[in-house]
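This report concerns only the one structure given below.
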Amino acid sequence: VKLIIEIPNVFIFQHNAKIMTNKTILHNASVFDSVSEKFLEARSVVISGQVIETVIEADNLDKNDKDTIIDLSGKYLIPGLIDCHVHLTFNHKVIADLTGAMYKVKDFETAYNGLKHAQEYLRYGFTTIRDCGGDLWGADLRRSINYGQFIGPNLLVSQKVIGQYGNQELFGPREVINYSKNEAISGVDSVIKAVRDRKASGSDFIKTTTTGGVLHGKDSHVELALWRLEELEAMNSEAERLGMHVAAHAHANQGIYNATISGIRTVEHGTMMNEETANEMAKRGTFLVPTQAAAMSLTKPEMQKILPPEVIRKTETVVAKMKESHKIAYEKGVKIAFGTDAPVGGDHCHSAIEFNNMTVNIGMNETEALIAATKTSAEAIKLDHLVGTLEKGKLADIVGLENNPLEDITRLSDLSNYNSVFKSGKLVSKKGKLIHFD
Ligand SMILES: [Zn+2]
């Protein structure tokens, strides 16, 4: 018998749990309906407190004098966007500099970077972010946002990665290898302890690595899959028991396969999978978070200039295989969520690059790409009871756009396209500018 401790996602509701009698009404817009997968014209979204009370035909709106009516005629409303894979700590220059720039950034500075970048995502319509490997500031930032001290997206944080011993958990240059020795984990008991440590320090989910990585140091080979299956199974079952899920960074096929058969929920990158692995992922409902923007960016001339030759070789391997791998996944029916791996692909909030990759390289249409970044991503990170669609009972995380994103989804990186962004029923960004709480 599997013991599951139910831990509700109470954190999202902490800063404003009061239900309002007067409503906010987003009136007369085209509203994206995740059931028919179409925009329904002339609809009104009725918000009560933090949640959507109903979505109705604008003509049928029965309003009260106390209600706040926001006329959004001509605008397109979509669910708040979700990026399942970012690293809020750093900017692009620092993360791509393998000579040690990352480690000159002080601890508290990384926390302030996290806040700045998290808020930046709100301006671009991303109301939920999964920080996929950071440091111990993560849970504190999440709490500060949820307590209402700062505006920011719903945040899920893994904090420290649980790396595979013998490879890239020893991420980066030598001084960090020494620093991170205590993070190298071996054996089932040790893995269980690491999961509990993350839980104790406030992580929402576990990030692990089942292969080496491209930017994870010169000697971190993308083929290396070093975890024993019993270690991965123990990690996953302990995480689930504590109300968390596991995200696995994985490039080569063996690491993707091992993550999948261990029951891990999301495979990050998934660069070199074969058909057997794709079938297994589809069968088990494992999500793929493609993060093509990150890998592709490493082939740019300005990046090639600063990367060491060993890393350039890895870049070439990964980029050559990735498009084919993700096409196989798509054709076999693997569920595809949205993730940019920013700032690896060039600082933060460049969702257009990833949307473009999803349509051009994977073959998804614009509707499928939008659903990937909303409904499917919400399922991937187990928040689909709260976010991802515009339906009764969901949090009122809503983005008002000037243009129909299904005509050109890459305009989701264009700030002039953003009319308004609501998080939990509150206007947090207007015409691309943040609105801080009173
Ligand atoms: Zn990453």
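Simple scheme: letters A, B, ... for chains in structure tokens order, numbers from 1 for residues in each chain, numbers from 1 for ligands in the order shown.
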* To do: Throw together the list of residues within 8 Å of ligand 1, counting only C-alpha atoms and all ligand atoms, and drop it here as an MDAnalysis selection string.
  => chainID A and resid 85:87 132:133 249 268 341:342 344
* Using only C-alpha atoms, determine which residues lie at most 8 Å from A:Ile264, disregarding the query and same-chain residues fewer than 3 positions distant; provide the list as a ChimeraX atom specification. => /A:236,245-248,259-261,267,286
* Asked: Which residue gives the smallest distance to A:Ser351 among A:Arg411, A:Lys394, A:His251, A:Lys423, with only C-alpha atoms counted?
  -> A:Arg411
Give me, as a tab-separated table, each residue of stretch 211-248 of chain A that comes within 10 Å of stretch 311-316 of chain A, together with its shortest interatomic pair and the distance in Å at one decimal, counting only C-alpha atoms, with rows ordered by chain and rising residue number.
residue	atom	partner	partner_atom	distance
A:Gly213	CA	A:Lys314	CA	8.5
A:Val214	CA	A:Lys314	CA	5.9
A:Leu215	CA	A:Val311	CA	6.9
A:His216	CA	A:Val311	CA	8.9
A:Gly217	CA	A:Val311	CA	7.8
A:Lys218	CA	A:Val311	CA	5.9
A:Asp219	CA	A:Val311	CA	8.7
A:Ser220	CA	A:Val311	CA	9.1
A:His221	CA	A:Lys314	CA	7.7
A:Val222	CA	A:Lys314	CA	7.3
A:Glu223	CA	A:Lys314	CA	10.0
What would the file look like if the residues just selected were written as a PDB file, in the first residue's frame with N, CA and C atoms?
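Final file, again.pdb:
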ATOM      1  N   GLY A 213      25.022  17.223 -18.975  1.00  0.00           N
ATOM      2  CA  GLY A 213      24.428  18.391 -19.623  1.00  0.00           C
ATOM      3  C   GLY A 213      25.416  19.134 -20.492  1.00  0.00           C
ATOM      4  N   VAL A 214      24.890  19.975 -21.351  1.00  0.00           N
ATOM      5  CA  VAL A 214      25.725  20.720 -22.295  1.00  0.00           C
ATOM      6  C   VAL A 214      26.543  21.792 -21.570  1.00  0.00           C
ATOM      7  N   LEU A 215      25.864  22.585 -20.769  1.00  0.00           N
ATOM      8  CA  LEU A 215      26.558  23.670 -20.058  1.00  0.00           C
ATOM      9  C   LEU A 215      26.955  23.261 -18.638  1.00  0.00           C
ATOM     10  N   HIS A 216      26.948  21.964 -18.377  1.00  0.00           N
ATOM     11  CA  HIS A 216      27.219  21.507 -17.017  1.00  0.00           C
ATOM     12  C   HIS A 216      28.692  21.163 -16.831  1.00  0.00           C
ATOM     13  N   GLY A 217      29.555  21.921 -17.442  1.00  0.00           N
ATOM     14  CA  GLY A 217      30.984  21.631 -17.313  1.00  0.00           C
ATOM     15  C   GLY A 217      31.485  20.821 -18.503  1.00  0.00           C
ATOM     16  N   LYS A 218      32.772  20.944 -18.784  1.00  0.00           N
ATOM     17  CA  LYS A 218      33.345  20.318 -19.985  1.00  0.00           C
ATOM     18  C   LYS A 218      33.205  18.803 -19.983  1.00  0.00           C
ATOM     19  N   ASP A 219      33.346  18.181 -18.827  1.00  0.00           N
ATOM     20  CA  ASP A 219      33.396  16.719 -18.757  1.00  0.00           C
ATOM     21  C   ASP A 219      32.051  16.074 -18.464  1.00  0.00           C
ATOM     22  N   SER A 220      31.014  16.863 -18.512  1.00  0.00           N
ATOM     23  CA  SER A 220      29.694  16.308 -18.243  1.00  0.00           C
ATOM     24  C   SER A 220      29.095  15.830 -19.560  1.00  0.00           C
ATOM     25  N   HIS A 221      29.189  14.528 -19.825  1.00  0.00           N
ATOM     26  CA  HIS A 221      28.772  14.009 -21.136  1.00  0.00           C
ATOM     27  C   HIS A 221      27.265  13.801 -21.185  1.00  0.00           C
ATOM     28  N   VAL A 222      26.683  14.196 -22.311  1.00  0.00           N
ATOM     29  CA  VAL A 222      25.215  14.130 -22.403  1.00  0.00           C
ATOM     30  C   VAL A 222      24.707  12.687 -22.483  1.00  0.00           C
ATOM     31  N   GLU A 223      25.599  11.730 -22.691  1.00  0.00           N
ATOM     32  CA  GLU A 223      25.171  10.320 -22.753  1.00  0.00           C
ATOM     33  C   GLU A 223      25.135   9.665 -21.371  1.00  0.00           C
TER      34      GLU A 223
END
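Of note, atom CA of A:Ser34 and atom CA of A:Ser429 are spaced 23.5 Å apart.
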* Can you list every residue in stretch 99-331 of chain A that DSSP puts in helix (DSSP H, G or I), as JSON, numbers by chain? -> {"A": [101, 102, 103, 104, 107, 108, 109, 110, 111, 112, 113, 114, 115, 116, 117, 118, 119, 120, 121, 122, 123, 138, 139, 140, 141, 142, 143, 144, 145, 146, 174, 175, 176, 177, 178, 179, 181, 182, 183, 188, 189, 190, 191, 192, 193, 194, 195, 196, 197, 198, 199, 200, 229, 230, 231, 232, 233, 234, 235, 236, 237, 238, 239, 240, 241, 253, 254, 255, 256, 257, 258, 259, 260, 261, 275, 276, 277, 278, 279, 280, 281, 282, 283, 284, 292, 293, 294, 295, 296, 297, 301, 302, 303, 304, 305, 306, 309, 310, 311, 312, 313, 314, 315, 316, 317, 318, 319, 320, 321, 322, 323, 324, 325, 326, 327, 328, 329, 330, 331]}
Which residues come within 10 Å of A:Glu280, counting only C-alpha atoms, excluding same-chain residues fewer than 4 positions away, as a tab-separated table (two decimals) with all heavy atoms, in the first residue's frame?
chain	number	residue	atom	x	y	z
A	257	TYR	N	14.76	7.29	-20.87
A	257	TYR	CA	14.06	6.02	-20.61
A	257	TYR	C	14.05	5.71	-19.11
A	257	TYR	O	13.01	5.37	-18.54
A	257	TYR	CB	14.74	4.89	-21.39
A	257	TYR	CG	14.02	3.58	-21.27
A	257	TYR	CD1	12.87	3.34	-22.02
A	257	TYR	CD2	14.47	2.58	-20.40
A	257	TYR	CE1	12.18	2.14	-21.90
A	257	TYR	CE2	13.79	1.39	-20.28
A	257	TYR	CZ	12.66	1.16	-21.03
A	257	TYR	OH	11.98	-0.02	-20.90
A	260	THR	N	11.63	7.86	-17.30
A	260	THR	CA	10.25	7.50	-17.63
A	260	THR	C	9.81	6.25	-16.87
A	260	THR	O	8.75	6.26	-16.22
A	260	THR	CB	10.12	7.27	-19.16
A	260	THR	OG1	10.52	8.46	-19.82
A	260	THR	CG2	8.69	6.92	-19.54
A	261	ILE	N	10.62	5.20	-16.92
A	261	ILE	CA	10.16	3.97	-16.26
A	261	ILE	C	10.24	4.06	-14.73
A	261	ILE	O	9.66	3.24	-14.03
A	261	ILE	CB	10.88	2.69	-16.78
A	261	ILE	CG1	12.37	2.75	-16.50
A	261	ILE	CG2	10.60	2.46	-18.26
A	261	ILE	CD1	13.03	1.40	-16.74
A	275	GLU	N	12.08	5.72	-30.59
A	275	GLU	CA	10.64	5.44	-30.64
A	275	GLU	C	10.16	4.66	-29.43
A	275	GLU	O	9.08	4.90	-28.91
A	275	GLU	CB	10.30	4.68	-31.92
A	275	GLU	CG	10.42	5.55	-33.15
A	275	GLU	CD	9.72	4.95	-34.37
A	275	GLU	OE1	9.04	3.91	-34.22
A	275	GLU	OE2	9.86	5.54	-35.46
A	276	GLU	N	10.96	3.71	-29.00
A	276	GLU	CA	10.57	2.88	-27.84
A	276	GLU	C	10.35	3.78	-26.61
A	276	GLU	O	9.36	3.62	-25.88
A	276	GLU	CB	11.69	1.85	-27.56
A	276	GLU	CG	11.33	0.88	-26.45
A	276	GLU	CD	12.57	0.16	-25.88
A	276	GLU	OE1	13.69	0.39	-26.37
A	276	GLU	OE2	12.38	-0.63	-24.93
A	284	ARG	N	2.76	6.05	-20.38
A	284	ARG	CA	2.73	6.39	-18.95
A	284	ARG	C	2.27	7.82	-18.67
A	284	ARG	O	2.15	8.22	-17.52
A	284	ARG	CB	4.15	6.24	-18.36
A	284	ARG	CG	4.59	4.80	-18.27
A	284	ARG	CD	6.06	4.74	-17.93
A	284	ARG	NE	6.52	3.36	-17.82
A	284	ARG	CZ	6.59	2.68	-16.68
A	284	ARG	NH1	6.23	3.24	-15.55
A	284	ARG	NH2	7.01	1.44	-16.67
A	285	GLY	N	2.09	8.59	-19.72
A	285	GLY	CA	1.66	9.98	-19.52
A	285	GLY	C	2.78	10.90	-19.05
A	285	GLY	O	2.53	11.93	-18.42
A	286	THR	N	4.02	10.53	-19.33
A	286	THR	CA	5.16	11.39	-18.98
A	286	THR	C	5.16	12.63	-19.88
A	286	THR	O	4.92	12.51	-21.09
A	286	THR	CB	6.48	10.62	-19.21
A	286	THR	OG1	6.35	9.32	-18.65
A	286	THR	CG2	7.67	11.35	-18.60
A	332	LYS	N	4.20	10.25	-31.57
A	332	LYS	CA	3.78	9.11	-30.73
A	332	LYS	C	2.77	9.53	-29.66
A	332	LYS	O	2.35	8.72	-28.84
A	332	LYS	CB	5.00	8.48	-30.04
A	332	LYS	CG	6.02	7.88	-31.00
A	332	LYS	CD	5.46	6.67	-31.73
A	332	LYS	CE	6.45	6.13	-32.75
A	332	LYS	NZ	5.84	5.15	-33.66
A	334	VAL	N	3.19	11.87	-27.16
A	334	VAL	CA	3.71	12.30	-25.85
A	334	VAL	C	3.13	13.69	-25.54
A	334	VAL	O	3.06	14.54	-26.43
A	334	VAL	CB	5.26	12.38	-25.87
A	334	VAL	CG1	5.80	12.94	-24.56
A	334	VAL	CG2	5.85	10.99	-26.15
So that I can see what lies close to A:Ile78, please list as a CSV table (one decimal) with C-alpha atoms, in the first residue's frame the residues with an atom at most 6 Å from it, counting only C-alpha atoms and leaving out residues fewer than 6 positions away in the same chain.
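Final file, result_37.csv:
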chain,number,residue,atom,x,y,z
A,32,PHE,CA,-10.1,31.2,-25.3
A,398,ILE,CA,-6.0,36.0,-17.3
A,399,VAL,CA,-4.1,37.7,-20.1
* Pairwise distance for atom CA of A:Ile362 and atom CA of A:His326, rounded to one decimal in Å -> 6.0 Å
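Every residue of stretch 162-270 of chain A with a DSSP assignment of strand (DSSP E or B), taken from the backbone, is listed as A:Ile162, A:Gln164, A:Ile185, A:Ile206, A:Lys207, A:Thr208, A:Thr209, A:Val246, A:Ala247, A:Ala248, A:His249, A:Ala250, A:His251, A:Ala252, A:Thr266, A:Val267, A:Glu268, A:His269, A:Gly270.
By chain and then residue number, the residues within 10 Å of stretch 355-360 of chain A are Pro290, Thr291, Gln292, Ala293, Met296, Lys323, His326, Lys327, Ile336, Phe338, Gly339, Thr340, Glu366, Thr367, Glu368, Ala369, Leu370, Ala372, Ala373, Asp408, Ile409, Thr410, Arg411, Leu412 and Ser413 of chain A, counting only C-alpha atoms and disregarding those fewer than 6 positions away in sequence.
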Grab the residues selected above and save them as a short mmCIF file (atom, residue, chain, number, x, y, z; two decimals), in the first residue's frame with N, CA and C atoms.
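Output saved as out-v1.cif:
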data_model
loop_
_atom_site.label_atom_id
_atom_site.label_comp_id
_atom_site.auth_asym_id
_atom_site.auth_seq_id
_atom_site.Cartn_x
_atom_site.Cartn_y
_atom_site.Cartn_z
N PRO A 290 10.25 20.60 -24.00
CA PRO A 290 11.29 20.55 -25.04
C PRO A 290 12.45 21.54 -24.89
N THR A 291 12.22 22.74 -24.42
CA THR A 291 13.28 23.76 -24.23
C THR A 291 14.21 23.88 -25.44
N GLN A 292 13.66 23.90 -26.63
CA GLN A 292 14.52 24.01 -27.82
C GLN A 292 15.23 25.36 -27.89
N ALA A 293 14.58 26.39 -27.37
CA ALA A 293 15.18 27.74 -27.45
C ALA A 293 16.58 27.74 -26.86
N MET A 296 19.16 25.68 -29.18
CA MET A 296 19.37 26.42 -30.44
C MET A 296 20.25 27.65 -30.24
N LYS A 323 15.58 18.03 -32.93
CA LYS A 323 14.36 18.22 -33.73
C LYS A 323 13.69 16.87 -34.02
N HIS A 326 12.07 15.33 -30.83
CA HIS A 326 10.80 15.95 -30.41
C HIS A 326 9.69 15.66 -31.40
N LYS A 327 10.06 15.49 -32.68
CA LYS A 327 9.05 15.09 -33.68
C LYS A 327 8.54 13.70 -33.38
N ILE A 336 3.14 17.33 -24.54
CA ILE A 336 4.21 18.33 -24.63
C ILE A 336 3.80 19.59 -23.87
N PHE A 338 5.29 23.38 -21.94
CA PHE A 338 6.07 24.52 -22.43
C PHE A 338 7.20 24.87 -21.46
N GLY A 339 8.40 25.06 -22.01
CA GLY A 339 9.52 25.49 -21.17
C GLY A 339 10.62 26.07 -22.04
N THR A 340 11.20 27.16 -21.59
CA THR A 340 12.24 27.83 -22.39
C THR A 340 13.66 27.55 -21.91
N GLU A 366 -0.59 26.40 -34.02
CA GLU A 366 -0.55 27.49 -33.04
C GLU A 366 -1.47 27.19 -31.85
N THR A 367 -2.59 26.55 -32.13
CA THR A 367 -3.51 26.20 -31.04
C THR A 367 -2.84 25.20 -30.10
N GLU A 368 -2.18 24.21 -30.68
CA GLU A 368 -1.49 23.20 -29.84
C GLU A 368 -0.38 23.85 -29.01
N ALA A 369 0.31 24.82 -29.61
CA ALA A 369 1.39 25.50 -28.87
C ALA A 369 0.81 26.30 -27.70
N LEU A 370 -0.32 26.97 -27.94
CA LEU A 370 -0.96 27.74 -26.86
C LEU A 370 -1.45 26.81 -25.75
N ALA A 372 -0.20 23.92 -25.04
CA ALA A 372 1.00 23.42 -24.36
C ALA A 372 1.40 24.38 -23.23
N ALA A 373 1.32 25.69 -23.50
CA ALA A 373 1.80 26.69 -22.53
C ALA A 373 0.73 27.06 -21.50
N ASP A 408 -0.66 34.56 -35.01
CA ASP A 408 0.81 34.59 -34.96
C ASP A 408 1.23 34.48 -33.49
N ILE A 409 1.51 33.24 -33.09
CA ILE A 409 1.76 33.00 -31.66
C ILE A 409 3.08 33.62 -31.21
N THR A 410 3.97 33.92 -32.15
CA THR A 410 5.26 34.49 -31.75
C THR A 410 5.10 35.93 -31.24
N ARG A 411 3.92 36.54 -31.45
CA ARG A 411 3.73 37.90 -30.91
C ARG A 411 3.58 37.88 -29.38
N LEU A 412 3.61 36.69 -28.78
CA LEU A 412 3.56 36.61 -27.33
C LEU A 412 4.85 37.10 -26.66
N SER A 413 5.85 37.45 -27.44
CA SER A 413 7.03 38.09 -26.84
C SER A 413 7.03 39.59 -27.05
#
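In this structure, atom CA of A:Leu156 sits 14.2 Å away from atom CA of A:Gln119.
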* Surrounding residues of stretch 374-387 of chain A excluding itself and chain neighbours under 6 positions, 8 Å, only C-alpha atoms, as a list in words ->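 Using only C-alpha atoms, the neighbours found are Ser34, Pro79, Gly80, Leu81, Ile82, Asp83, Cys84, Arg130, His245, Arg265, Thr266, Phe287, Lys335, Ile336, Ala337, Phe338, Gly393, Lys394, Leu395 and Asp397 of chain A.
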* Choose the residue, out of A:Gly263, A:His269, A:Lys300, A:Ile151, that has the smallest atom-to-atom separation from A:Lys283; count only C-alpha atoms. => A:Gly263
